file entry-v7.txt (compact mmCIF, C-alpha atoms and all ligand atoms)
# COMPACT_ATOMS: atom_id res chain seq x y z
CA MET A 1 100.99 117.69 74.87
CA LEU A 2 101.35 117.35 78.65
CA LEU A 3 98.58 116.52 81.13
CA ILE A 4 99.06 117.44 84.79
CA ILE A 5 96.58 115.71 87.09
CA ASP A 6 96.72 117.30 90.52
CA ASP A 7 94.19 118.95 92.83
CA ASN A 8 96.80 121.38 94.10
CA VAL A 9 97.11 124.53 91.98
CA GLU A 10 100.58 125.26 93.36
CA ILE A 11 101.88 121.88 92.18
CA ILE A 12 100.30 122.46 88.76
CA ASP A 13 102.10 125.83 88.55
CA ILE A 14 105.43 124.36 89.68
CA VAL A 15 105.26 121.45 87.23
CA THR A 16 104.28 123.81 84.42
CA GLU A 17 107.21 126.04 85.26
CA ILE A 18 109.68 123.14 85.32
CA ILE A 19 108.65 121.26 82.17
CA GLY A 20 105.88 123.25 80.47
CA ASP A 21 108.28 124.63 77.84
CA LEU A 22 109.07 121.09 76.61
CA PHE A 23 105.51 120.62 75.34
CA ASP A 24 103.40 122.44 72.76
CA LYS A 25 100.46 122.54 75.12
CA VAL A 26 99.80 121.87 78.82
CA LEU A 27 96.38 120.70 80.01
CA THR A 28 95.42 120.24 83.65
CA ALA A 29 92.86 118.19 85.56
CA LYS A 30 92.01 118.56 89.22
CA THR A 31 89.73 115.55 89.63
CA VAL A 32 89.60 111.93 88.49
CA GLU A 33 86.57 112.76 86.31
CA MET A 34 88.31 115.69 84.61
CA ALA A 35 91.40 113.59 84.03
CA ILE A 36 89.38 110.79 82.42
CA SER A 37 87.53 113.23 80.21
CA LYS A 38 90.77 114.88 79.00
CA LEU A 39 92.44 111.51 78.45
CA SER A 40 89.46 110.38 76.36
CA GLU A 41 89.55 113.42 74.10
CA ASN A 42 93.26 114.14 73.57
CA GLN A 43 96.44 112.28 72.89
CA PHE A 44 99.21 113.17 75.34
CA ALA A 45 102.97 112.68 75.23
CA PHE A 46 103.33 112.59 79.00
CA VAL A 47 101.14 112.55 82.11
CA ILE A 48 101.95 113.73 85.64
CA LEU A 49 99.62 112.03 88.10
CA ASP A 50 99.04 112.84 91.76
CA ILE A 51 97.78 109.79 93.63
CA ASN A 52 95.78 111.70 96.27
CA LEU A 53 93.02 113.58 94.49
CA GLU A 54 90.54 115.11 96.90
CA GLY A 55 89.68 111.86 98.59
CA ARG A 56 89.85 109.86 95.35
CA ASN A 57 92.71 107.68 94.22
CA GLY A 58 94.72 108.73 91.16
CA ALA A 59 95.22 105.03 90.43
CA GLU A 60 91.63 105.10 89.11
CA VAL A 61 92.99 107.10 86.19
CA ILE A 62 95.50 104.35 85.39
CA LYS A 63 92.76 101.76 85.70
CA PHE A 64 90.75 103.75 83.15
CA LEU A 65 93.70 103.78 80.74
CA VAL A 66 94.17 100.03 81.11
CA ASP A 67 90.49 99.09 80.98
CA THR A 68 89.39 101.35 78.10
CA PRO A 69 90.85 100.02 74.86
CA SER A 70 89.47 102.93 72.82
CA ASN A 71 91.32 105.66 74.72
CA PRO A 72 94.04 107.41 72.74
CA ASN A 73 96.58 107.23 75.61
CA LYS A 74 96.96 103.49 76.06
CA SER A 75 100.74 103.69 76.13
CA VAL A 76 101.33 107.20 77.46
CA PRO A 77 104.26 107.33 79.92
CA PHE A 78 103.43 108.77 83.31
CA VAL A 79 105.07 109.92 86.51
CA ILE A 80 103.37 109.36 89.84
CA VAL A 81 103.68 112.26 92.24
CA SER A 82 103.78 111.63 96.00
CA GLY A 83 102.71 108.13 95.24
CA ILE A 84 102.91 105.31 97.66
CA ILE A 85 102.49 102.32 95.48
CA THR A 86 103.46 98.72 95.73
CA PRO A 87 106.24 97.03 93.73
CA GLN A 88 103.51 94.89 92.14
CA PHE A 89 101.87 98.08 90.85
CA VAL A 90 105.16 99.27 89.35
CA GLN A 91 105.74 95.89 87.75
CA LYS A 92 102.27 95.83 86.24
CA HIS A 93 102.60 99.27 84.68
CA ASN A 94 106.31 99.19 84.00
CA GLN A 95 105.85 99.62 80.26
CA ARG A 96 105.02 103.28 80.68
CA PHE A 97 106.04 103.97 84.21
CA ALA A 98 108.59 106.79 84.12
CA GLY A 99 109.14 107.34 87.83
CA VAL A 100 107.78 108.20 91.25
CA LEU A 101 108.36 111.65 92.69
CA MET A 102 107.81 112.36 96.35
CA LYS A 103 106.65 115.87 97.25
CA PRO A 104 108.66 118.09 97.55
CA PHE A 105 110.51 116.69 94.54
CA GLU A 106 113.73 117.77 92.91
CA HIS A 107 113.00 120.02 89.94
CA ASP A 108 115.96 118.62 87.98
CA GLU A 109 114.71 115.09 88.48
CA LEU A 110 111.32 115.87 86.96
CA ARG A 111 112.91 117.79 84.09
CA SER A 112 115.29 114.98 83.23
CA ILE A 113 112.51 112.36 83.35
CA ALA A 114 110.39 114.49 80.99
CA GLU A 115 113.34 115.03 78.61
CA ASN A 116 114.06 111.29 78.55
CA VAL A 117 110.44 110.53 77.77
CA LEU A 118 110.35 113.07 74.94
CA HIS A 119 113.61 111.76 73.46
CA GLY A 120 112.20 108.25 73.47
CA LYS A 121 114.82 106.95 75.90
CA PRO A 122 113.88 103.66 77.58
CA LEU A 123 112.03 104.10 80.82
CA PRO A 124 114.00 103.35 83.96
CA LEU A 125 113.76 100.03 85.74
CA PRO A 126 111.29 99.97 88.60
CA PRO A 127 112.78 101.77 91.58
CA ALA A 128 114.55 99.37 93.93
CA LEU A 129 113.63 99.34 97.59
CA PRO A 130 115.94 101.76 99.39
CA ALA A 131 118.95 100.47 101.27
CA GLU A 132 118.53 99.99 104.98
CA PRO A 133 118.62 103.39 106.63
CA LYS A 134 121.28 104.01 109.23
CA LEU A 135 119.85 104.86 112.60
CA ASP A 136 122.62 105.40 115.08
CA ASP A 137 121.41 105.97 118.60
CA ILE A 138 117.77 105.26 117.87
CA PRO A 139 117.37 101.60 117.01
CA PHE A 140 116.82 100.66 113.40
CA LEU A 141 113.30 99.98 112.31
CA LYS A 142 112.76 97.20 109.84
CA CYS A 143 109.30 97.76 108.46
CA ASN A 144 109.30 95.70 105.26
CA LEU A 145 106.94 93.00 106.56
CA PRO A 146 104.33 91.66 106.10
CA PHE A 147 103.36 93.85 103.13
CA SER A 148 105.67 95.01 100.42
CA ILE A 149 105.20 98.79 100.42
CA LEU A 150 107.32 100.81 98.08
CA GLN A 151 109.44 103.54 99.68
CA LEU A 152 108.13 102.83 103.17
CA GLU A 153 111.56 102.44 104.78
CA LYS A 154 112.76 105.60 103.04
CA ARG A 155 109.78 107.53 104.36
CA VAL A 156 110.16 106.11 107.86
CA SER A 157 113.83 106.96 107.92
CA LYS A 158 112.92 110.54 106.96
CA VAL A 159 110.61 110.72 110.00
CA MET A 160 113.36 109.22 112.18
CA ASP A 161 115.86 111.80 110.87
CA GLY A 162 113.51 114.55 111.99
CA ILE A 163 113.22 112.92 115.42
CA ARG A 164 116.98 112.68 115.82
CA LYS A 165 117.36 116.37 115.04
CA ASN A 166 115.05 117.34 117.88
CA PRO A 167 116.75 116.98 121.29
CA ARG A 168 113.52 116.40 123.25
CA LEU A 169 112.22 113.78 120.85
CA LYS A 170 115.63 112.17 120.60
CA GLU A 171 115.66 111.74 124.33
CA LEU A 172 112.16 110.28 124.34
CA PHE A 173 112.89 107.80 121.56
CA SER A 174 116.30 106.87 122.93
CA LYS A 175 114.60 105.39 126.00
CA MET A 176 113.79 102.46 123.76
CA LYS A 177 117.46 101.69 123.17
CA ASN A 178 117.74 100.06 126.58
CA VAL A 179 116.00 97.03 125.14
CA SER A 180 118.21 93.97 125.22
CA PRO A 181 119.73 93.29 121.78
CA ASN A 182 118.73 89.64 122.21
CA GLU A 183 115.13 90.60 122.45
CA ASP A 184 113.90 91.60 119.06
CA TYR A 185 110.21 91.17 119.82
CA ILE A 186 109.74 94.88 120.52
CA PHE A 187 111.37 96.00 117.27
CA GLN A 188 109.74 93.37 115.11
CA HIS A 189 106.48 94.50 116.67
CA ILE A 190 107.16 98.18 115.97
CA GLY A 191 108.26 97.57 112.38
CA MET A 192 105.20 95.45 111.58
CA LEU A 193 102.87 97.96 113.19
CA ILE A 194 104.18 100.71 110.92
CA ASN A 195 103.98 98.44 107.90
CA ILE A 196 100.41 97.24 108.53
CA SER A 197 99.01 100.63 109.56
CA THR A 198 100.52 102.21 106.43
CA GLY A 199 99.14 99.39 104.28
CA ILE A 200 95.65 99.99 105.69
CA CYS A 201 96.00 103.75 105.15
CA ILE A 202 96.97 103.18 101.51
CA GLU A 203 93.78 101.20 100.97
CA LEU A 204 91.68 103.77 102.86
CA GLU A 205 93.38 106.57 100.92
CA TRP A 206 94.52 108.19 104.15
CA ASN A 207 98.11 107.70 103.25
CA THR A 208 99.89 111.02 103.74
CA ASP A 209 103.30 111.74 105.23
CA LYS A 210 101.57 113.32 108.24
CA THR A 211 99.56 110.15 108.91
CA LEU A 212 102.66 108.00 108.49
CA GLU A 213 104.47 110.21 111.00
CA LYS A 214 101.68 109.65 113.54
CA PHE A 215 101.90 105.89 113.15
CA VAL A 216 105.70 105.89 113.43
CA PHE A 217 105.41 107.79 116.70
CA ALA A 218 102.57 105.64 118.02
CA SER A 219 104.24 102.37 116.98
CA TYR A 220 107.48 103.37 118.60
CA LEU A 221 106.12 104.81 121.80
CA HIS A 222 102.90 102.94 122.63
CA ASP A 223 104.59 100.34 124.85
CA MET A 224 107.16 102.81 126.19
CA GLY A 225 106.54 101.87 129.82
CA LEU A 226 107.15 98.18 129.01
CA SER A 227 110.18 98.48 126.73
CA ASP A 228 112.43 96.63 129.19
CA ARG A 229 109.74 94.01 129.89
CA PRO A 230 108.92 92.32 126.58
CA ASP A 231 107.25 89.51 128.54
CA LEU A 232 104.69 92.04 129.78
CA ALA A 233 104.47 93.91 126.46
CA LYS A 234 103.37 90.64 124.85
CA ILE A 235 100.19 90.55 126.93
CA ASN A 236 97.60 91.68 124.45
CA SER A 237 94.14 91.28 125.91
CA PHE A 238 92.34 91.82 129.17
CA GLU A 239 91.55 88.08 129.39
CA GLU A 240 95.22 87.24 128.99
CA LEU A 241 96.12 89.73 131.69
CA GLU A 242 93.47 88.30 134.03
CA SER A 243 94.69 84.75 133.38
CA LYS A 244 98.17 85.81 134.49
CA LYS A 245 97.01 87.64 137.59
CA GLU A 246 98.23 84.85 139.83
CA VAL A 247 101.76 84.85 138.45
CA LEU A 248 102.22 88.60 138.16
CA SER A 249 103.03 90.83 141.11
CA GLU A 250 100.58 93.58 141.92
CA VAL A 251 102.99 96.16 140.46
CA GLU A 252 103.40 94.17 137.24
CA TYR A 253 99.64 93.76 136.87
CA LYS A 254 99.08 97.50 137.32
CA LEU A 255 101.92 98.32 134.95
CA VAL A 256 100.34 96.27 132.16
CA LEU A 257 96.87 97.62 132.86
CA GLU A 258 98.00 101.23 132.99
CA HIS A 259 100.80 101.30 130.39
CA PRO A 260 98.63 103.04 127.75
CA ASN A 261 97.85 105.86 130.22
CA ILE A 262 101.45 106.01 131.46
CA ALA A 263 102.78 106.33 127.90
CA GLU A 264 100.15 108.96 127.08
CA ARG A 265 101.11 111.00 130.14
CA SER A 266 104.79 110.97 129.27
CA LEU A 267 103.93 112.83 126.06
CA GLU A 268 102.20 115.66 127.93
CA GLY A 269 103.58 119.07 127.03
CA LEU A 270 105.69 117.71 124.17
CA ARG A 271 104.50 119.91 121.35
CA GLU A 272 106.86 118.14 118.95
CA VAL A 273 104.71 115.00 119.08
CA PRO A 274 102.12 115.13 116.26
CA PRO A 275 98.46 115.53 117.23
CA ASP A 276 96.47 112.30 117.72
CA VAL A 277 99.54 110.26 118.78
CA ALA A 278 98.72 110.50 122.50
CA LEU A 279 95.13 109.41 121.82
CA ILE A 280 96.20 106.45 119.67
CA ILE A 281 98.57 105.37 122.43
CA LYS A 282 95.96 105.78 125.15
CA GLN A 283 93.47 103.67 123.16
CA HIS A 284 95.78 100.99 121.78
CA HIS A 285 94.35 98.14 123.90
CA GLU A 286 90.71 99.20 123.68
CA LEU A 287 88.31 96.95 121.77
CA PRO A 288 85.09 98.03 120.02
CA LYS A 289 82.89 95.75 122.14
CA GLY A 290 84.09 97.45 125.31
CA THR A 291 86.24 94.52 126.38
CA GLY A 292 89.62 96.22 126.09
CA TYR A 293 91.63 98.15 128.67
CA PRO A 294 92.26 100.42 130.51
CA SER A 295 89.04 102.38 129.79
CA LYS A 296 86.72 99.70 128.32
CA LEU A 297 85.69 102.08 125.53
CA THR A 298 83.12 101.00 122.97
CA PHE A 299 83.58 101.59 119.24
CA GLN A 300 81.83 105.00 119.22
CA LYS A 301 84.55 106.33 121.53
CA ILE A 302 87.52 104.87 119.66
CA SER A 303 88.99 107.29 117.11
CA PRO A 304 89.42 106.25 113.46
CA LEU A 305 93.22 106.43 113.69
CA SER A 306 93.20 104.45 116.93
CA SER A 307 91.01 101.87 115.20
CA VAL A 308 93.63 101.44 112.45
CA PHE A 309 96.30 101.07 115.10
CA ILE A 310 94.27 98.57 117.16
CA VAL A 311 93.69 96.31 114.15
CA SER A 312 97.34 96.66 113.07
CA HIS A 313 98.43 95.75 116.58
CA ASP A 314 96.11 92.75 116.65
CA LEU A 315 97.32 91.48 113.27
CA THR A 316 100.96 92.03 114.32
CA GLU A 317 100.45 89.84 117.36
CA TYR A 318 98.64 87.24 115.26
CA ILE A 319 101.52 87.08 112.77
CA LEU A 320 104.17 86.87 115.47
CA ALA A 321 102.26 84.04 117.17
CA ASN A 322 101.44 82.22 113.89
CA PRO A 323 104.39 82.40 111.50
CA LYS A 324 102.39 80.46 108.87
CA TRP A 325 99.46 82.83 109.12
CA ILE A 326 96.92 83.30 106.34
CA MET A 327 95.09 86.58 105.90
CA SER A 328 91.67 85.03 105.24
CA ASN A 329 91.88 83.11 108.54
CA TYR A 330 92.84 86.28 110.37
CA ILE A 331 90.00 88.25 108.78
CA THR A 332 87.47 85.64 109.89
CA ILE A 333 88.70 85.87 113.48
CA ALA A 334 88.91 89.66 113.33
CA ARG A 335 85.36 90.05 111.98
CA SER A 336 83.97 88.41 115.08
CA LYS A 337 86.13 90.55 117.34
CA PHE A 338 85.76 94.01 115.82
CA ARG A 339 82.51 95.78 115.08
CA GLY A 340 81.53 99.32 114.17
CA SER A 341 81.87 101.11 110.85
CA HIS A 342 85.56 102.12 111.20
CA PHE A 343 86.55 98.57 111.97
CA ILE A 344 84.51 97.06 109.13
CA LYS A 345 86.19 99.44 106.66
CA ILE A 346 89.61 98.64 108.08
CA LEU A 347 89.10 94.89 107.76
CA SER A 348 87.94 95.28 104.15
CA ALA A 349 91.04 97.39 103.51
CA LEU A 350 93.22 94.59 104.93
CA ASP A 351 91.41 92.06 102.83
CA ASN A 352 92.04 94.13 99.68
CA LEU A 353 95.64 94.67 100.61
CA SER A 354 96.36 90.97 100.67
CA LYS A 355 94.82 90.33 97.22
FE FE B 1 100.59 97.77 124.73
FE FE B 2 102.26 96.72 121.62
call {"tool": "encode", "arguments": {"input": "entry-v7.txt", "output": "structure tokens"}}
result
Amino acid sequence: MLLIIDDNVEIIDIVTEIIGDLFDKVLTAKTVEMAISKLSENQFAFVILDINLEGRNGAEVIKFLVDTPSNPNKSVPFVIVSGIITPQFVQKHNQRFAGVLMKPFEHDELRSIAENVLHGKPLPLPPALPAEPKLDDIPFLKCNLPFSILQLEKRVSKVMDGIRKNPRLKELFSKMKNVSPNEDYIFQHIGMLINISTGICIELEWNTDKTLEKFVFASYLHDMGLSDRPDLAKINSFEELESKKEVLSEVEYKLVLEHPNIAERSLEGLREVPPDVALIIKQHHELPKGTGYPSKLTFQKISPLSSVFIVSHDLTEYILANPKWIMSNYITIARSKFRGSHFIKILSALDNLSK
């Protein structure tokens, strides 16, 4: 018997069409509760599990299987659909982990996984991290630090492929290639921003390909006006900017102060840029207590996605300045700096992520 756990009827239909004939019966569950009830009452040969279930996390289903000794599916093999999970997760559940399928997945791949499971073939080794993607004229993004996030580089390279296929976006992103090859600050910074913002989104269960795309754009483009001035891009707070007022020229000072607005304006009229990216960029140096720049917004005015980006940016800078950083130390500092409900949730997400 097969159990398909997915809140999307279309996916249920597709999976049933691809592998339904291999099983005597197909049951479906659209919510975590339904899945748990079906798993308590029936013994299955195979489970297909979507990780995003109407705001809940499909991993709760796996937790139930692990934590409930009396359930009849303790060793059922499962496939995660559209799952963004960590290598640690794969390792932990490797005994019955039959694969990860990203939507839209290859029908043949699902069919052959299901056939292998039914024929009792050994489950595959945990998927290796993908090889470094090739990014020709748009610089390569290394986003495997600080958190180990399965398939992140593959997903990012998919977004970058889309960008390279669009002439207007390609031109916009290629502006960043003028950065000196000796100066890797900007690219380390971009890669970490994508990594941390995705890690937070996983914990907040906001982790979709659309959200990832927004953070790739925002990470890449937020310091666009300063890409050839890493010394200025490193200025991260209004106090730091003020302390350097004496040594900066008036033009440099204004450039730092206004770079979020300048970058936002250069996206005007570009319909190819996903919604929210311009706002994230405009708000990336704001702080919830109203002490950021350029608009001195308070937390009520800072959008939830911008809040994720602001914390990711702050942690990125902290890591780059403190190579021996420790998350608990960072969280203590961050708790005094960020307030407001979005920020509290984000800091808890970071805390969970590092455990
Ligand atoms: Fe910036
Ligand atoms: Fe930045």
call {"tool": "closest_atom_pairs", "arguments": {"input": "entry-v7.txt", "of": "chain A", "to": "ligand FE 2 (chain B)", "cutoff": "8 Å", "atoms": "only C-alpha atoms and all ligand atoms", "output": "JSON lines"}}
result
{"residue": "A:Ile186", "atom": "CA", "partner": "B:FE2", "partner_atom": "FE", "distance": 7.8}
{"residue": "A:His189", "atom": "CA", "partner": "B:FE2", "partner_atom": "FE", "distance": 6.9}
{"residue": "A:Ile190", "atom": "CA", "partner": "B:FE2", "partner_atom": "FE", "distance": 7.6}
{"residue": "A:Ser219", "atom": "CA", "partner": "B:FE2", "partner_atom": "FE", "distance": 7.6}
{"residue": "A:His222", "atom": "CA", "partner": "B:FE2", "partner_atom": "FE", "distance": 6.3}
{"residue": "A:Asp223", "atom": "CA", "partner": "B:FE2", "partner_atom": "FE", "distance": 5.4}
{"residue": "A:Ala233", "atom": "CA", "partner": "B:FE2", "partner_atom": "FE", "distance": 6.0}
{"residue": "A:Lys234", "atom": "CA", "partner": "B:FE2", "partner_atom": "FE", "distance": 7.0}
{"residue": "A:Asn236", "atom": "CA", "partner": "B:FE2", "partner_atom": "FE", "distance": 7.4}
{"residue": "A:His284", "atom": "CA", "partner": "B:FE2", "partner_atom": "FE", "distance": 7.8}
{"residue": "A:His313", "atom": "CA", "partner": "B:FE2", "partner_atom": "FE", "distance": 6.4}
call {"tool": "closest_residue", "arguments": {"input": "entry-v7.txt", "among": "A:Ile4, A:Ala263, A:Ala349, A:Ile302", "to": "ligand FE 1 (chain B)", "atoms": "only C-alpha atoms and all ligand atoms"}}
result
A:Ala263
call {"tool": "atom_distance", "arguments": {"input": "entry-v7.txt", "atom1": "atom CA of A:Asp6", "atom2": "atom CA of A:Pro72"}}
result
20.5 Å
call {"tool": "atom_distance", "arguments": {"input": "entry-v7.txt", "atom1": "atom CA of A:Gly120", "atom2": "atom CA of A:Gly20"}}
result
17.7 Å
call {"tool": "closest_residue", "arguments": {"input": "entry-v7.txt", "among": "A:Pro69, A:Pro260, A:Gly269, A:Pro146", "to": "ligand FE 1 (chain B)", "atoms": "all atoms listed in the file"}}
result
A:Pro260
call {"tool": "residues_near_ligand", "arguments": {"input": "entry-v7.txt", "ligand": "ligand FE 1 (chain B)", "cutoff": "12 Å", "atoms": "all atoms listed in the file", "output": "MDAnalysis selection string"}}
result
chainID A and resid 186 189:190 193 218:227 229:238 241 255:264 280:286 292:294 309:310 313:314 316:317
call {"tool": "atom_distance", "arguments": {"input": "entry-v7.txt", "atom1": "atom CA of A:Gln151", "atom2": "atom CA of A:Ala29"}}
result
26.2 Å
call {"tool": "closest_residue", "arguments": {"input": "entry-v7.txt", "among": "A:Glu17, A:Glu242, A:Asp276, A:Glu268", "to": "A:Leu110", "atoms": "all atoms listed in the file"}}
result
A:Glu17
call {"tool": "residues_around", "arguments": {"input": "entry-v7.txt", "residues": "A:Ile14", "least_positions_apart": "3", "cutoff": "12 Å", "atoms": "only C-alpha atoms", "output": "VMD selection string"}}
result
chain A and resid 4 6 8 to 11 17 to 20 48 103 to 107 110 to 111
call {"tool": "closest_residue", "arguments": {"input": "entry-v7.txt", "among": "A:Lys175, A:Lys63, A:Arg155, A:Lys254", "to": "A:Thr211", "atoms": "all atoms listed in the file"}}
result
A:Arg155
call {"tool": "residues_around", "arguments": {"input": "entry-v7.txt", "residues": "A:Val273", "least_positions_apart": "2", "cutoff": "10 Å", "atoms": "only C-alpha atoms", "output": "short mmCIF file (atom, residue, chain, number, x, y, z; two decimals) with C-alpha atoms, in the coordinates of the input"}}
result
data_model
loop_
_atom_site.label_atom_id
_atom_site.label_comp_id
_atom_site.auth_asym_id
_atom_site.auth_seq_id
_atom_site.Cartn_x
_atom_site.Cartn_y
_atom_site.Cartn_z
CA ILE A 163 113.22 112.92 115.42
CA ARG A 168 113.52 116.40 123.25
CA LEU A 169 112.22 113.78 120.85
CA GLU A 213 104.47 110.21 111.00
CA LYS A 214 101.68 109.65 113.54
CA PHE A 217 105.41 107.79 116.70
CA ALA A 218 102.57 105.64 118.02
CA LEU A 267 103.93 112.83 126.06
CA GLU A 268 102.20 115.66 127.93
CA GLY A 269 103.58 119.07 127.03
CA LEU A 270 105.69 117.71 124.17
CA ARG A 271 104.50 119.91 121.35
CA PRO A 275 98.46 115.53 117.23
CA ASP A 276 96.47 112.30 117.72
CA VAL A 277 99.54 110.26 118.78
CA ALA A 278 98.72 110.50 122.50
#
